[in-house]
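Structure file work-v4.pdb with PDB, C-alpha atoms:
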```
ATOM      1  CA  MET H   5       6.743 -27.182  -3.690  1.00  0.00           C
ATOM      2  CA  LEU H   6       8.250 -24.358  -5.695  1.00  0.00           C
ATOM      3  CA  CYS H   7       9.197 -25.080  -9.265  1.00  0.00           C
ATOM      4  CA  ILE H   8      12.741 -24.427 -10.407  1.00  0.00           C
ATOM      5  CA  LEU H   9      13.137 -22.069 -13.342  1.00  0.00           C
ATOM      6  CA  GLU H  10      14.895 -24.206 -15.915  1.00  0.00           C
ATOM      7  CA  TRP H  11      14.978 -21.763 -18.814  1.00  0.00           C
ATOM      8  CA  LEU H  12      16.652 -18.429 -19.307  1.00  0.00           C
ATOM      9  CA  CYS H  13      14.369 -15.404 -19.038  1.00  0.00           C
ATOM     10  CA  THR H  14      15.803 -12.561 -21.076  1.00  0.00           C
ATOM     11  CA  GLN H  15      12.863 -10.327 -20.153  1.00  0.00           C
ATOM     12  CA  LEU H  16      10.549 -10.044 -17.176  1.00  0.00           C
ATOM     13  CA  TRP H  17       7.161  -8.345 -17.298  1.00  0.00           C
ATOM     14  CA  VAL H  18       6.001  -7.310 -13.829  1.00  0.00           C
ATOM     15  CA  ASP H  19       2.674  -5.867 -12.740  1.00  0.00           C
ATOM     16  CA  ALA H  20       0.142  -5.959  -9.934  1.00  0.00           C
ATOM     17  CA  LEU H  21      -3.599  -6.098  -9.761  1.00  0.00           C
ATOM     18  CA  TYR H  22      -5.805  -5.611  -6.767  1.00  0.00           C
ATOM     19  CA  GLU H  23      -8.383  -8.154  -5.706  1.00  0.00           C
ATOM     20  CA  LYS H  24     -10.868  -8.243  -2.871  1.00  0.00           C
ATOM     21  CA  VAL H  25     -10.029 -11.140  -0.544  1.00  0.00           C
ATOM     22  CA  CYS H  26     -11.342 -12.395   2.771  1.00  0.00           C
ATOM     23  CA  VAL H  27      -8.745 -12.223   5.573  1.00  0.00           C
ATOM     24  CA  ASN H  28      -9.827 -13.105   9.111  1.00  0.00           C
ATOM     25  CA  GLY H  29     -13.469 -12.617   8.187  1.00  0.00           C
ATOM     26  CA  ARG H  30     -12.906  -9.176   6.642  1.00  0.00           C
ATOM     27  CA  ILE H  31     -12.933  -8.261   2.969  1.00  0.00           C
ATOM     28  CA  ILE H  32      -9.801  -6.286   2.075  1.00  0.00           C
ATOM     29  CA  SER H  33      -8.072  -5.179  -1.087  1.00  0.00           C
ATOM     30  CA  MET H  34      -4.868  -7.129  -1.662  1.00  0.00           C
ATOM     31  CA  ALA H  35      -2.110  -6.676  -4.221  1.00  0.00           C
ATOM     32  CA  VAL H  36      -1.466  -9.692  -6.438  1.00  0.00           C
ATOM     33  CA  LEU H  37       2.002  -9.387  -7.961  1.00  0.00           C
ATOM     34  CA  ILE H  38       2.403 -11.100 -11.322  1.00  0.00           C
ATOM     35  CA  VAL H  39       5.601 -11.837 -13.225  1.00  0.00           C
ATOM     36  CA  TYR H  40       5.982 -13.497 -16.556  1.00  0.00           C
ATOM     37  CA  GLY H  41       9.249 -14.337 -18.194  1.00  0.00           C
ATOM     38  CA  VAL H  42      10.168 -14.284 -21.866  1.00  0.00           C
ATOM     39  CA  ASP H  43      13.001 -16.393 -23.245  1.00  0.00           C
ATOM     40  CA  GLU H  44      15.298 -15.643 -26.188  1.00  0.00           C
ATOM     41  CA  ASN H  45      12.803 -17.283 -28.589  1.00  0.00           C
ATOM     42  CA  GLY H  46       9.901 -15.130 -27.415  1.00  0.00           C
ATOM     43  CA  HIS H  47       8.257 -17.918 -25.386  1.00  0.00           C
ATOM     44  CA  ARG H  48       6.300 -16.436 -22.468  1.00  0.00           C
ATOM     45  CA  ASP H  49       5.353 -18.130 -19.238  1.00  0.00           C
ATOM     46  CA  ILE H  50       3.897 -16.919 -15.963  1.00  0.00           C
ATOM     47  CA  ILE H  51       6.574 -17.506 -13.354  1.00  0.00           C
ATOM     48  CA  ALA H  52       5.004 -15.882 -10.288  1.00  0.00           C
ATOM     49  CA  VAL H  53       1.596 -14.932  -8.937  1.00  0.00           C
ATOM     50  CA  GLU H  54       1.985 -13.757  -5.348  1.00  0.00           C
ATOM     51  CA  PRO H  55      -0.582 -12.105  -3.093  1.00  0.00           C
ATOM     52  CA  MET H  56       0.937  -9.373  -0.933  1.00  0.00           C
ATOM     53  CA  ALA H  57      -0.540  -6.940   1.571  1.00  0.00           C
ATOM     54  CA  GLU H  58       0.628  -4.028  -0.564  1.00  0.00           C
ATOM     55  CA  GLU H  59       2.531  -3.057  -3.672  1.00  0.00           C
ATOM     56  CA  SER H  60       5.838  -1.800  -2.258  1.00  0.00           C
ATOM     57  CA  ARG H  61       9.594  -1.902  -2.622  1.00  0.00           C
ATOM     58  CA  SER H  62       9.700  -4.506   0.123  1.00  0.00           C
ATOM     59  CA  SER H  63       7.012  -6.780  -1.349  1.00  0.00           C
ATOM     60  CA  TYR H  64       8.605  -6.689  -4.793  1.00  0.00           C
ATOM     61  CA  GLY H  65      12.009  -7.353  -3.206  1.00  0.00           C
ATOM     62  CA  VAL H  66      10.617 -10.492  -1.527  1.00  0.00           C
ATOM     63  CA  LEU H  67       9.076 -11.607  -4.824  1.00  0.00           C
ATOM     64  CA  PHE H  68      12.296 -11.124  -6.783  1.00  0.00           C
ATOM     65  CA  GLN H  69      14.367 -12.898  -4.109  1.00  0.00           C
ATOM     66  CA  ASP H  70      11.991 -15.860  -4.303  1.00  0.00           C
ATOM     67  CA  LEU H  71      12.424 -15.990  -8.076  1.00  0.00           C
ATOM     68  CA  LYS H  72      16.221 -15.853  -7.728  1.00  0.00           C
ATOM     69  CA  ASP H  73      16.071 -18.624  -5.098  1.00  0.00           C
ATOM     70  CA  ARG H  74      14.144 -20.697  -7.655  1.00  0.00           C
ATOM     71  CA  GLY H  75      16.936 -20.236 -10.208  1.00  0.00           C
ATOM     72  CA  LEU H  76      16.109 -17.006 -12.035  1.00  0.00           C
ATOM     73  CA  ALA H  77      19.216 -15.365 -13.473  1.00  0.00           C
ATOM     74  CA  THR H  78      19.369 -11.621 -14.033  1.00  0.00           C
ATOM     75  CA  PRO H  79      17.298 -10.780 -17.116  1.00  0.00           C
ATOM     76  CA  LYS H  80      18.471  -8.310 -19.753  1.00  0.00           C
ATOM     77  CA  LEU H  81      15.316  -6.255 -19.433  1.00  0.00           C
ATOM     78  CA  VAL H  82      12.509  -5.774 -16.907  1.00  0.00           C
ATOM     79  CA  ILE H  83       9.312  -4.098 -18.099  1.00  0.00           C
ATOM     80  CA  SER H  84       6.811  -2.619 -15.660  1.00  0.00           C
ATOM     81  CA  ASP H  85       4.848   0.444 -14.713  1.00  0.00           C
ATOM     82  CA  ALA H  86       6.733   3.297 -13.078  1.00  0.00           C
ATOM     83  CA  HIS H  87       5.694   2.499  -9.476  1.00  0.00           C
ATOM     84  CA  SER H  88       8.607   3.871  -7.455  1.00  0.00           C
ATOM     85  CA  GLY H  89       8.810   0.869  -5.114  1.00  0.00           C
ATOM     86  CA  LEU H  90       8.795  -1.555  -8.020  1.00  0.00           C
ATOM     87  CA  VAL H  91      11.486   0.313  -9.948  1.00  0.00           C
ATOM     88  CA  ALA H  92      13.656   0.507  -6.812  1.00  0.00           C
ATOM     89  CA  ALA H  93      13.240  -3.233  -6.153  1.00  0.00           C
ATOM     90  CA  ILE H  94      14.180  -4.008  -9.771  1.00  0.00           C
ATOM     91  CA  GLN H  95      17.338  -1.912  -9.479  1.00  0.00           C
ATOM     92  CA  GLU H  96      18.294  -3.568  -6.185  1.00  0.00           C
ATOM     93  CA  SER H  97      17.435  -7.124  -7.204  1.00  0.00           C
ATOM     94  CA  PHE H  98      18.731  -7.035 -10.785  1.00  0.00           C
ATOM     95  CA  PRO H  99      21.396  -4.302 -10.898  1.00  0.00           C
ATOM     96  CA  ARG H 100      22.666  -5.349 -14.345  1.00  0.00           C
ATOM     97  CA  ALA H 101      19.196  -5.449 -15.905  1.00  0.00           C
ATOM     98  CA  SER H 102      17.758  -2.559 -17.858  1.00  0.00           C
ATOM     99  CA  TRP H 103      14.324  -1.211 -16.985  1.00  0.00           C
ATOM    100  CA  GLN H 104      11.654  -0.084 -19.429  1.00  0.00           C
ATOM    101  CA  HIS H 105       8.374   1.665 -18.721  1.00  0.00           C
ATOM    102  CA  CYS H 106       5.556  -0.516 -20.060  1.00  0.00           C
ATOM    103  CA  LYS H 107       3.994   0.983 -23.196  1.00  0.00           C
ATOM    104  CA  VAL H 108       0.423   0.462 -21.963  1.00  0.00           C
ATOM    105  CA  HIS H 109       1.119   2.169 -18.641  1.00  0.00           C
ATOM    106  CA  PHE H 110       3.086   4.904 -20.412  1.00  0.00           C
ATOM    107  CA  MET H 111       0.168   5.557 -22.768  1.00  0.00           C
ATOM    108  CA  ARG H 112      -2.341   5.702 -19.898  1.00  0.00           C
ATOM    109  CA  ASN H 113      -0.117   8.025 -17.911  1.00  0.00           C
ATOM    110  CA  ILE H 114       0.675  10.471 -20.697  1.00  0.00           C
ATOM    111  CA  LEU H 115      -2.856  10.504 -22.144  1.00  0.00           C
ATOM    112  CA  ALA H 116      -4.095  11.720 -18.760  1.00  0.00           C
ATOM    113  CA  TYR H 117      -2.444  15.069 -19.608  1.00  0.00           C
ATOM    114  CA  VAL H 118      -3.809  15.326 -23.147  1.00  0.00           C
ATOM    115  CA  PRO H 119      -7.153  17.067 -23.730  1.00  0.00           C
ATOM    116  CA  GLN H 120      -9.957  14.585 -24.469  1.00  0.00           C
ATOM    117  CA  LYS H 121     -10.481  15.796 -28.038  1.00  0.00           C
ATOM    118  CA  GLU H 122      -6.760  15.218 -28.786  1.00  0.00           C
ATOM    119  CA  LYS H 123      -6.329  11.742 -27.247  1.00  0.00           C
ATOM    120  CA  LYS H 124      -7.025   9.629 -30.326  1.00  0.00           C
ATOM    121  CA  PHE H 125      -4.717  11.681 -32.548  1.00  0.00           C
ATOM    122  CA  PHE H 126      -1.963  11.847 -29.918  1.00  0.00           C
ATOM    123  CA  ALA H 127      -2.088   8.075 -29.356  1.00  0.00           C
ATOM    124  CA  ALA H 128      -1.717   7.509 -33.113  1.00  0.00           C
ATOM    125  CA  VAL H 129       1.285   9.860 -33.201  1.00  0.00           C
ATOM    126  CA  LEU H 130       2.949   7.955 -30.347  1.00  0.00           C
ATOM    127  CA  LYS H 131       2.429   4.660 -32.138  1.00  0.00           C
ATOM    128  CA  GLU H 132       4.231   6.043 -35.197  1.00  0.00           C
ATOM    129  CA  ILE H 133       7.276   6.738 -33.048  1.00  0.00           C
ATOM    130  CA  TRP H 134       7.324   3.182 -31.721  1.00  0.00           C
ATOM    131  CA  LEU H 135       6.881   1.747 -35.210  1.00  0.00           C
ATOM    132  CA  ALA H 136       9.859   3.653 -36.613  1.00  0.00           C
ATOM    133  CA  PRO H 137      12.327   1.258 -38.259  1.00  0.00           C
ATOM    134  CA  THR H 138      15.425   3.056 -36.936  1.00  0.00           C
ATOM    135  CA  ALA H 139      16.445   4.738 -33.709  1.00  0.00           C
ATOM    136  CA  GLU H 140      17.296   7.903 -35.633  1.00  0.00           C
ATOM    137  CA  LEU H 141      13.801   8.174 -37.139  1.00  0.00           C
ATOM    138  CA  ALA H 142      12.176   7.328 -33.790  1.00  0.00           C
ATOM    139  CA  ARG H 143      14.138  10.065 -32.022  1.00  0.00           C
ATOM    140  CA  LYS H 144      13.302  12.556 -34.771  1.00  0.00           C
ATOM    141  CA  ARG H 145       9.595  11.752 -34.493  1.00  0.00           C
ATOM    142  CA  ALA H 146       9.761  11.939 -30.693  1.00  0.00           C
ATOM    143  CA  TYR H 147      11.389  15.374 -30.714  1.00  0.00           C
ATOM    144  CA  ASN H 148       8.902  16.609 -33.320  1.00  0.00           C
ATOM    145  CA  VAL H 149       6.028  15.532 -31.079  1.00  0.00           C
ATOM    146  CA  MET H 150       7.584  17.149 -28.016  1.00  0.00           C
ATOM    147  CA  ASP H 151       8.091  20.422 -29.913  1.00  0.00           C
ATOM    148  CA  ALA H 152       4.577  20.371 -31.381  1.00  0.00           C
ATOM    149  CA  TYR H 153       2.878  19.668 -28.066  1.00  0.00           C
ATOM    150  CA  ALA H 154       4.996  22.191 -26.175  1.00  0.00           C
ATOM    151  CA  LYS H 155       3.757  24.832 -28.637  1.00  0.00           C
ATOM    152  CA  ARG H 156       0.134  23.638 -28.682  1.00  0.00           C
ATOM    153  CA  PHE H 157      -0.178  23.243 -24.915  1.00  0.00           C
ATOM    154  CA  PRO H 158       2.418  25.592 -23.388  1.00  0.00           C
ATOM    155  CA  LYS H 159       0.641  25.624 -20.004  1.00  0.00           C
ATOM    156  CA  ASN H 160       0.769  21.829 -19.729  1.00  0.00           C
ATOM    157  CA  GLU H 161       4.505  21.345 -19.247  1.00  0.00           C
ATOM    158  CA  ARG H 162       4.007  17.745 -18.169  1.00  0.00           C
ATOM    159  CA  ILE H 163       3.329  16.436 -21.695  1.00  0.00           C
ATOM    160  CA  PRO H 164       6.721  17.189 -23.279  1.00  0.00           C
ATOM    161  CA  SER H 165       8.706  16.544 -20.097  1.00  0.00           C
ATOM    162  CA  PHE H 166       6.899  13.269 -19.320  1.00  0.00           C
ATOM    163  CA  PHE H 167       7.215  12.177 -22.927  1.00  0.00           C
ATOM    164  CA  GLY H 168      10.866  13.092 -23.186  1.00  0.00           C
ATOM    165  CA  THR H 169      12.038  11.308 -20.072  1.00  0.00           C
ATOM    166  CA  ARG H 170      10.359   7.975 -20.678  1.00  0.00           C
ATOM    167  CA  SER H 171       9.849   7.493 -24.410  1.00  0.00           C
ATOM    168  CA  VAL H 172      13.531   7.358 -25.280  1.00  0.00           C
ATOM    169  CA  TYR H 173      13.910   4.185 -23.177  1.00  0.00           C
ATOM    170  CA  PHE H 174      11.012   2.534 -24.955  1.00  0.00           C
ATOM    171  CA  ILE H 175      12.314   3.510 -28.397  1.00  0.00           C
ATOM    172  CA  LEU H 176      15.790   2.144 -27.706  1.00  0.00           C
ATOM    173  CA  PHE H 177      14.565  -1.139 -26.230  1.00  0.00           C
ATOM    174  CA  HIS H 178      11.994  -1.618 -28.971  1.00  0.00           C
ATOM    175  CA  LEU H 179      14.758  -1.354 -31.539  1.00  0.00           C
ATOM    176  CA  TYR H 180      17.147  -3.499 -29.446  1.00  0.00           C
ATOM    177  CA  LEU H 181      14.652  -6.308 -28.978  1.00  0.00           C
ATOM    178  CA  ASN H 182      13.547  -6.308 -32.592  1.00  0.00           C
ATOM    179  CA  ALA H 183      17.037  -6.103 -34.119  1.00  0.00           C
TER
END
```

Re-express the file's structure as structure tokens.
Amino acid sequence: MLCILEWLCTQLWVDALYEKVCVNGRIISMAVLIVYGVDENGHRDIIAVEPMAEESRSSYGVLFQDLKDRGLATPKLVISDAHSGLVAAIQESFPRASWQHCKVHFMRNILAYVPQKEKKFFAAVLKEIWLAPTAELARKRAYNVMDAYAKRFPKNERIPSFFGTRSVYFILFHLYLNA
């Protein structure tokens, strides 16, 4: 029997992991979609763990419909990686919710474009942006980093463009949620 969601989730955190499972006598890799909800008091609870054949727009759509059928109202914010199928399913299933790129996934993705010897320093610089007490200071720090890295690594255009498109969302939501 499915449980009914009896509390208001203001945020959803969504991710997938892959596990080896036995299906019809064969070992295959299967996506396990995981969702946990956060209420207005910061209480977190796992609200879904669903094995799916793949991580896709369709599989996430089925998962979100199941959660809505169990009583989930549209959250204010959904946090996930930038998987295109997942982001599309979020937009379709929760059109009034905002989406934020998960900080951990963002860090992994952007650090892939930073030279190894610069990773530790660059990660520390990013953390300073996210710890800024105001949106104005966070934006200033973000633009300073984009300018500095565009000059230091002019051939790697992905660092400033990747940083610029995604970090602003994180900065704004960080300040919104901690206001």

Report task. Please evaluate the PyMOL selection byres ((chain H and resi 20) around 7) against the structure above and give the resulting residues as number ranges by chain. Result -> H: 19, 21-22, 35-38

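Here atom CA of Glu96 of chain H and atom CA of Gln69 of chain H stand 10.3 Å from one another.
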
Report task. Would you write out, as a list in words, every residue that the PyMOL selection byres ((chain H and resi 81) around 8) captures in this file? Result ->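 What the PyMOL selection byres ((chain H and resi 81) around 8) grabs from the file is Thr14, Gln15, Leu16, Pro79, Lys80, Val82, Ile83, Ala101, Ser102, Trp103 and Gln104 of chain H.
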
Requested in this report: Convert the output of the PyMOL selection byres ((chain H and resi 87-92) around 8) on the shown file into explicit residues, formatted as number ranges by chain.
Outcome: H: 59-62, 64, 84-86, 93-96, 103

Query raised in the report: Hey, can you check how far atom CA of Lys72 of chain H sits from atom CA of Ser97 of chain H?
Result: 8.8 Å

Could you write out as JSON the box around segment 121-131 of chain H (axis-aligned, all atoms listed in the file, 3 Å on each side), with centre and edge lengths in Å to one decimal?
```
{"center_x": -3.8, "center_y": 10.2, "center_z": -30.2, "size_x": 19.4, "size_y": 17.1, "size_z": 12.0}
```

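Interatomic distance, atom CA of Ile32 of chain H to atom CA of Arg112 of chain H: 26.1 Å.
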
**Report entry** 9 Å contact set for Leu12 of chain H, all atoms listed in the file, chain neighbours under 5 positions out, as a ChimeraX atom specification
**Finding:** /H:41-44,76-77,79

Please write the residues from the selection above to a file, keeping C-alpha atoms, as a JSON list (two decimals), in the coordinates of the input.
```
[["chain", "number", "residue", "atom", "x", "y", "z"],
["H", 41, "GLY", "CA", 9.25, -14.34, -18.19],
["H", 42, "VAL", "CA", 10.17, -14.28, -21.87],
["H", 43, "ASP", "CA", 13.00, -16.39, -23.24],
["H", 44, "GLU", "CA", 15.30, -15.64, -26.19],
["H", 76, "LEU", "CA", 16.11, -17.01, -12.04],
["H", 77, "ALA", "CA", 19.22, -15.36, -13.47],
["H", 79, "PRO", "CA", 17.30, -10.78, -17.12]]
```

**Report entry** Surrounding residues of Leu115 of chain H excluding itself and chain neighbours under 4 positions, 9 Å, all atoms listed in the file, as a ChimeraX atom specification
**Finding:** /H:110-111,119-120,123,126-127,163
